[in-house]
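Participant: Encoded as structure tokens, here's the structure I'll be asking about.
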Amino acid sequence: MTPDALVQLHDLELVARVTVEGALSGLHRSPFHGYSAEFSQYRHYRAGDDLKYIDWKLFARTDRIYTKQFRETTNVRLQILLDASASMAFEGDGSVSKLAYARVLAGALAHLITKQGDAPGLTVYDEQVRTYIGSRPGRSHLRGVLTALANTRAHGSTAAAPAVRRAVDLLRSRALIVVISDLYDDDGAFELELKRAARMGHDVSVFHVLSREELDWPFNVDLEVEDSETGRRVLMSSSQADGYRARMNRFVAGWRDRCAAENILYALARTDVDPGRVLREHLLQRSVRTNR
């Protein structure tokens with residue numbers, strides 16, 4: 001389904017479900033593992049113990065039979081960080097703003113995690129944290145997340161670094177952290193907070209939401225362009241188009257490379273591409289990394 005058609009549905013829960021169904025089509029399962037078990041200790045084998053937990057390599061070295069014990073399984077926690085600054089209101093020639101597209105991605109991720117019994121949460125930010133919802137499982141909690149997403153509007157300037165730090169510091173255990181933004185707050189502090197989260201052991205992903213017009217600059221006339229966050233205006237000549245595209249290519253490549261260096265999954269999310277396809281490619285990327 002096209003982004004335009006999805007936005008026309010005006011029901012984020014339905015949109016999220018449709019997007020997830022499209023993303024999972026043909027996939028055997030979600031690569032978000034709903035539960036995990038961590039090795040705790042060995043103990044001597046007792047009659048009736050499950051043979052699959054016997055460590056046969058240890059038996060070969062010691063001539064004694066030991067079984068592995070594991071810590072209690074834990075739910076996956078997802079914290080979505082959504083950029084709702086003024087620049088996310090841009091629509092281009094289509095009817096889908098970057099924020100509307102980002103809401104679909106966020107809602108689909110929350111729906112997918114809830115569907116497998118795990119816990120979604122949400123942080124909405126501009127120059128400060130505007131909304132914070134902790135990660136909890138359950139359909140009623142999902143509806144609260146989707147309601148917050150549906151009511152989110154774009155305004156204000158961007159200061160992503162404090163929002164990332166606060167969201168990470170509020171987490172009580174390792175989590176999936178997904179940042180959905182146009183990444184125009186391209187300063188060192190934001191990047192350092194993403195690195196910090198990844199090095200703390202969190203599984204970090206970034207969806208880079210941009211429109212076709214921002215990436216390709218398809219205009220053949222001179223235009224006065226206004227920064228939606230600062231109000232600054234710049235006259236853009238059609239002769240500057242090639243230079244603009246080169247800078248945007250470097251901008252996107254720079255974020256992709258910096259994320260890869262920190263084992264952060266990066267996805268370019270163009271607002272003219274089916275969000276189900278973007279999510280599916282992300283899930284496939286996760287599967288490849290998980291199965292290495």
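Within each chain, counting starts at residue 1; across the structure tokens, chains are named A, B, ... in the order shown, with ligands numbered 1 upward in that order.
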Hey, what's within 6 Å of stretch 61-66 of chain A if we count only C-alpha atoms and toss same-chain stuff fewer than 5 positions away? As JSON, numbers by chain, please?

Facilitator: {"A": [43, 44, 45, 54]}

Participant: Which residues of stretch 65-107 of chain A sit at most 7 Å from stretch 135-147 of chain A, using only C-alpha atoms? Give each one's shortest atom pair and distance in Å (one decimal place), in chain and ascending residue order, as CSV.

Facilitator:
```
residue,atom,partner,partner_atom,distance
A:Arg77,CA,A:Ser135,CA,5.9
A:Leu78,CA,A:Ser135,CA,6.4
A:Gln79,CA,A:Ser135,CA,6.5
A:Gly107,CA,A:Leu146,CA,6.1
```

Participant: Could the residues in this selection be written to a file with N, CA and C atoms, as a short mmCIF file (atom, residue, chain, number, x, y, z; two decimals), in the first residue's frame?

Facilitator:
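What follows is the written file out_19.cif:
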```cif
data_model
loop_
_atom_site.label_atom_id
_atom_site.label_comp_id
_atom_site.auth_asym_id
_atom_site.auth_seq_id
_atom_site.Cartn_x
_atom_site.Cartn_y
_atom_site.Cartn_z
N ARG A 77 12.25 -5.18 25.63
CA ARG A 77 11.70 -3.85 25.81
C ARG A 77 12.12 -2.98 24.63
N LEU A 78 11.17 -2.31 24.03
CA LEU A 78 11.42 -1.41 22.91
C LEU A 78 11.12 0.01 23.33
N GLN A 79 12.07 0.92 23.14
CA GLN A 79 11.82 2.35 23.37
C GLN A 79 12.01 3.07 22.04
N GLY A 107 4.28 3.23 14.97
CA GLY A 107 3.12 2.42 15.32
C GLY A 107 3.27 0.97 14.91
#
```

Participant: Would you mind listing, for every residue of stretch 193-225 of chain A within 12 Å of stretch 156-161 of chain A, the two atoms forming the shortest contact and the distance between them in Å to one decimal, using only C-alpha atoms, sorted by chain and ascending residue number, as JSON lines?

Facilitator:
```
{"residue": "A:Glu193", "atom": "CA", "partner": "A:Ala161", "partner_atom": "CA", "distance": 6.0}
{"residue": "A:Leu194", "atom": "CA", "partner": "A:Ala161", "partner_atom": "CA", "distance": 8.3}
{"residue": "A:Lys195", "atom": "CA", "partner": "A:Ala161", "partner_atom": "CA", "distance": 11.0}
{"residue": "A:Arg196", "atom": "CA", "partner": "A:Ala161", "partner_atom": "CA", "distance": 10.8}
{"residue": "A:Ala197", "atom": "CA", "partner": "A:Ala161", "partner_atom": "CA", "distance": 11.2}
```

Participant: May I have the residues from that selection written out with N, CA and C atoms, as an mmCIF file, in the first residue's frame?

Facilitator:
```cif
data_model
loop_
_atom_site.group_PDB
_atom_site.id
_atom_site.type_symbol
_atom_site.label_atom_id
_atom_site.label_comp_id
_atom_site.auth_asym_id
_atom_site.auth_seq_id
_atom_site.Cartn_x
_atom_site.Cartn_y
_atom_site.Cartn_z
ATOM 1 N N GLU A 193 25.578 10.354 22.081
ATOM 2 C CA GLU A 193 24.551 9.682 22.877
ATOM 3 C C GLU A 193 24.123 8.364 22.244
ATOM 4 N N LEU A 194 24.055 8.316 20.911
ATOM 5 C CA LEU A 194 23.752 7.059 20.235
ATOM 6 C C LEU A 194 24.868 6.037 20.486
ATOM 7 N N LYS A 195 26.113 6.489 20.386
ATOM 8 C CA LYS A 195 27.249 5.604 20.663
ATOM 9 C C LYS A 195 27.205 5.100 22.105
ATOM 10 N N ARG A 196 26.918 6.011 23.023
ATOM 11 C CA ARG A 196 26.848 5.637 24.440
ATOM 12 C C ARG A 196 25.807 4.554 24.662
ATOM 13 N N ALA A 197 24.625 4.714 24.051
ATOM 14 C CA ALA A 197 23.561 3.713 24.205
ATOM 15 C C ALA A 197 24.007 2.360 23.660
#
```

Participant: Taking only C-alpha atoms into account, which of A:Met200, A:Leu268, A:Val164, A:Val278 comes nearest A:Glu127?

Facilitator: A:Val164

Participant: Hey, what's within 7 Å of A:Val206 if we count only C-alpha atoms and toss same-chain stuff fewer than 4 positions away? As a list in words, please?

Facilitator: Val178, Val179, Ile180, Leu265, Tyr266 and Ala267 of chain A

Participant: Deliver the residues from the most recent selection as a file, using N, CA and C atoms, as a short mmCIF file (atom, residue, chain, number, x, y, z; two decimals), in the first residue's frame.

Facilitator:
```cif
data_model
loop_
_atom_site.label_atom_id
_atom_site.label_comp_id
_atom_site.auth_asym_id
_atom_site.auth_seq_id
_atom_site.Cartn_x
_atom_site.Cartn_y
_atom_site.Cartn_z
N VAL A 178 14.96 2.56 19.14
CA VAL A 178 14.76 2.91 17.74
C VAL A 178 14.55 4.42 17.64
N VAL A 179 15.44 5.10 16.94
CA VAL A 179 15.33 6.54 16.71
C VAL A 179 14.74 6.77 15.33
N ILE A 180 13.67 7.56 15.25
CA ILE A 180 13.02 7.88 13.98
C ILE A 180 13.07 9.39 13.80
N LEU A 265 22.00 -0.29 13.52
CA LEU A 265 21.32 -0.53 12.25
C LEU A 265 20.75 0.77 11.71
N TYR A 266 21.03 1.05 10.44
CA TYR A 266 20.58 2.29 9.79
C TYR A 266 19.63 1.94 8.65
N ALA A 267 18.53 2.69 8.55
CA ALA A 267 17.58 2.49 7.45
C ALA A 267 17.18 3.86 6.91
#
```

Participant: Here is a test: counting only C-alpha atoms, which residue of A:Val104, A:Val209, A:Leu109, A:Ala261 is nearest to A:Ser181?

Facilitator: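 When distances to A:Ser181 are compared using only C-alpha atoms, the smallest one comes from A:Val209.
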
Participant: One decimal, Å: what's the distance from atom CA of A:Thr131 over to atom CA of A:Leu192, could you say?

Facilitator: 22.3 Å

Participant: Please identify which residues in stretch 102-182 of chain A DSSP calls helix (DSSP H, G or I) from the backbone, and express them as a PyMOL selection string.

Facilitator: chain A and resi 102-115+139-150+160-169

Participant: Run DSSP on the backbone and give me the residues of stretch 46-234 of chain A it puts in strand (DSSP E), as a PyMOL selection string.

Facilitator: chain A and resi 66-70+74-75+77-83+119-125+129-133+176-181+203-210+223-226+233-234

Participant: Write a file of the just-selected residues containing N, CA and C atoms, as a CSV table (one decimal), in the first residue's frame.

Facilitator:
```csv
chain,number,residue,atom,x,y,z
A,66,TYR,N,27.7,-32.5,33.9
A,66,TYR,CA,27.2,-31.3,34.4
A,66,TYR,C,26.1,-30.8,33.4
A,67,THR,N,25.1,-30.1,34.0
A,67,THR,CA,24.1,-29.5,33.2
A,67,THR,C,24.2,-28.0,33.3
A,68,LYS,N,23.8,-27.3,32.3
A,68,LYS,CA,23.8,-25.8,32.3
A,68,LYS,C,22.5,-25.3,32.9
A,69,GLN,N,22.6,-24.2,33.7
A,69,GLN,CA,21.4,-23.6,34.2
A,69,GLN,C,21.4,-22.2,33.6
A,70,PHE,N,20.2,-21.7,33.4
A,70,PHE,CA,20.0,-20.3,32.8
A,70,PHE,C,19.2,-19.4,33.7
A,74,THR,N,13.5,-13.1,30.0
A,74,THR,CA,13.1,-11.7,30.1
A,74,THR,C,12.4,-11.3,28.8
A,75,ASN,N,11.5,-10.3,29.0
A,75,ASN,CA,10.8,-9.7,27.9
A,75,ASN,C,11.7,-8.7,27.2
A,77,ARG,N,12.3,-5.2,25.6
A,77,ARG,CA,11.7,-3.8,25.8
A,77,ARG,C,12.1,-3.0,24.6
A,78,LEU,N,11.2,-2.3,24.0
A,78,LEU,CA,11.4,-1.4,22.9
A,78,LEU,C,11.1,0.0,23.3
A,79,GLN,N,12.1,0.9,23.1
A,79,GLN,CA,11.8,2.3,23.4
A,79,GLN,C,12.0,3.1,22.0
A,80,ILE,N,10.9,3.6,21.5
A,80,ILE,CA,10.9,4.4,20.3
A,80,ILE,C,11.2,5.9,20.6
A,81,LEU,N,12.2,6.5,20.0
A,81,LEU,CA,12.4,7.9,20.1
A,81,LEU,C,12.0,8.6,18.8
A,82,LEU,N,11.0,9.4,18.9
A,82,LEU,CA,10.4,10.0,17.7
A,82,LEU,C,10.7,11.5,17.7
A,83,ASP,N,11.3,12.0,16.7
A,83,ASP,CA,11.6,13.4,16.4
A,83,ASP,C,10.3,14.1,16.0
A,119,ALA,N,7.3,-5.5,25.1
A,119,ALA,CA,6.9,-4.3,25.7
A,119,ALA,C,7.4,-3.0,24.9
A,120,PRO,N,6.4,-2.3,24.3
A,120,PRO,CA,6.8,-1.1,23.6
A,120,PRO,C,6.7,0.2,24.5
A,121,GLY,N,7.6,1.2,24.2
A,121,GLY,CA,7.5,2.4,24.9
A,121,GLY,C,7.8,3.6,23.9
A,122,LEU,N,7.6,4.8,24.3
A,122,LEU,CA,7.7,5.9,23.4
A,122,LEU,C,8.3,7.1,24.0
A,123,THR,N,9.2,7.8,23.4
A,123,THR,CA,9.7,9.1,23.7
A,123,THR,C,9.5,10.0,22.6
A,124,VAL,N,8.8,11.1,22.7
A,124,VAL,CA,8.6,12.1,21.7
A,124,VAL,C,9.4,13.4,22.1
A,125,TYR,N,10.2,13.9,21.2
A,125,TYR,CA,11.0,15.0,21.6
A,125,TYR,C,11.1,16.1,20.4
A,129,VAL,N,12.1,16.7,25.8
A,129,VAL,CA,11.3,15.5,25.8
A,129,VAL,C,9.8,16.0,26.0
A,130,ARG,N,9.0,15.7,25.0
A,130,ARG,CA,7.6,16.2,25.1
A,130,ARG,C,6.7,15.1,25.7
A,131,THR,N,6.9,13.9,25.4
A,131,THR,CA,6.1,12.8,25.9
A,131,THR,C,7.1,11.6,26.3
A,132,TYR,N,6.8,11.0,27.4
A,132,TYR,CA,7.6,9.8,27.7
A,132,TYR,C,6.6,8.7,28.2
A,133,ILE,N,6.6,7.6,27.6
A,133,ILE,CA,5.8,6.4,28.0
A,133,ILE,C,6.8,5.2,28.1
A,176,LEU,N,15.8,-2.5,23.1
A,176,LEU,CA,15.8,-2.1,21.7
A,176,LEU,C,15.5,-0.6,21.7
A,177,ILE,N,16.4,0.2,21.2
A,177,ILE,CA,16.2,1.6,21.0
A,177,ILE,C,16.1,2.0,19.6
A,178,VAL,N,15.0,2.6,19.1
A,178,VAL,CA,14.8,2.9,17.7
A,178,VAL,C,14.5,4.4,17.6
A,179,VAL,N,15.4,5.1,16.9
A,179,VAL,CA,15.3,6.5,16.7
A,179,VAL,C,14.7,6.8,15.3
A,180,ILE,N,13.7,7.6,15.3
A,180,ILE,CA,13.0,7.9,14.0
A,180,ILE,C,13.1,9.4,13.8
A,181,SER,N,13.9,9.9,12.8
A,181,SER,CA,14.2,11.3,12.7
A,181,SER,C,14.7,11.6,11.3
A,203,ASP,N,20.4,-2.4,22.0
A,203,ASP,CA,20.3,-2.7,20.5
A,203,ASP,C,19.7,-1.4,19.9
A,204,VAL,N,20.5,-0.7,19.2
A,204,VAL,CA,20.1,0.7,18.7
A,204,VAL,C,19.9,0.6,17.1
A,205,SER,N,18.8,1.2,16.7
A,205,SER,CA,18.5,1.3,15.3
A,205,SER,C,18.1,2.8,15.0
A,206,VAL,N,18.3,3.2,13.7
A,206,VAL,CA,18.0,4.5,13.3
A,206,VAL,C,17.2,4.5,12.0
A,207,PHE,N,16.0,5.1,12.0
A,207,PHE,CA,15.3,5.2,10.7
A,207,PHE,C,15.4,6.7,10.3
A,208,HIS,N,16.1,6.9,9.2
A,208,HIS,CA,16.4,8.3,8.7
A,208,HIS,C,15.3,8.7,7.7
A,209,VAL,N,14.3,9.5,8.2
A,209,VAL,CA,13.1,9.8,7.4
A,209,VAL,C,13.4,11.1,6.6
A,210,LEU,N,13.3,11.0,5.3
A,210,LEU,CA,13.5,12.1,4.4
A,210,LEU,C,12.5,12.0,3.2
A,223,LEU,N,14.2,29.2,-6.1
A,223,LEU,CA,13.3,29.1,-5.0
A,223,LEU,C,13.9,29.8,-3.8
A,224,GLU,N,13.0,30.4,-3.0
A,224,GLU,CA,13.4,30.9,-1.7
A,224,GLU,C,13.0,29.8,-0.6
A,225,VAL,N,14.0,29.3,0.1
A,225,VAL,CA,13.7,28.2,1.0
A,225,VAL,C,13.8,28.7,2.4
A,226,GLU,N,12.8,28.3,3.2
A,226,GLU,CA,12.8,28.8,4.6
A,226,GLU,C,13.0,27.6,5.6
A,233,ARG,N,15.9,32.3,5.8
A,233,ARG,CA,15.5,32.1,4.4
A,233,ARG,C,16.8,32.1,3.5
A,234,VAL,N,16.8,31.3,2.5
A,234,VAL,CA,18.0,31.2,1.6
A,234,VAL,C,17.4,31.1,0.2
```

Participant: Just checking: using only C-alpha atoms, which residue out of A:Met88, A:Met248, A:Leu12, A:Ala60 ends up closest to A:Leu105?

Facilitator: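 Counting only C-alpha atoms, the residue closest to A:Leu105 is A:Leu12.
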
Participant: In Å, how far is it from atom CA of A:Ala110 to atom CA of A:Ala148?

Facilitator: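 Separating atom CA of A:Ala110 from atom CA of A:Ala148 is a distance of 12.0 Å.
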
Participant: Which residue is closest to A:Ala108? Choose from A:Gln240, A:Thr19, A:Ser287, A:Asn220 and count only C-alpha atoms.

Facilitator: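 Closest candidate: A:Thr19.
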
Participant: Would you list the contacts of A:Ala246 as an NGL selection string, taking every protein, DNA or RNA residue within 10 Å and counting only C-alpha atoms, but skipping same-chain residues closer than 4 positions in sequence?

Facilitator: :A and (215-216 or 241-242 or 250-251)

Participant: Write to file, as a short mmCIF file (atom, residue, chain, number, x, y, z; two decimals), in the first residue's frame, the residues of the selection just made, with C-alpha atoms.

Facilitator:
```cif
data_model
loop_
_atom_site.label_atom_id
_atom_site.label_comp_id
_atom_site.auth_asym_id
_atom_site.auth_seq_id
_atom_site.Cartn_x
_atom_site.Cartn_y
_atom_site.Cartn_z
CA LEU A 215 17.04 13.98 -1.40
CA ASP A 216 16.71 14.69 -5.12
CA ALA A 241 20.96 21.73 -7.56
CA ASP A 242 23.95 19.47 -8.29
CA ARG A 250 27.33 13.00 1.87
CA PHE A 251 24.89 13.69 4.70
#
```
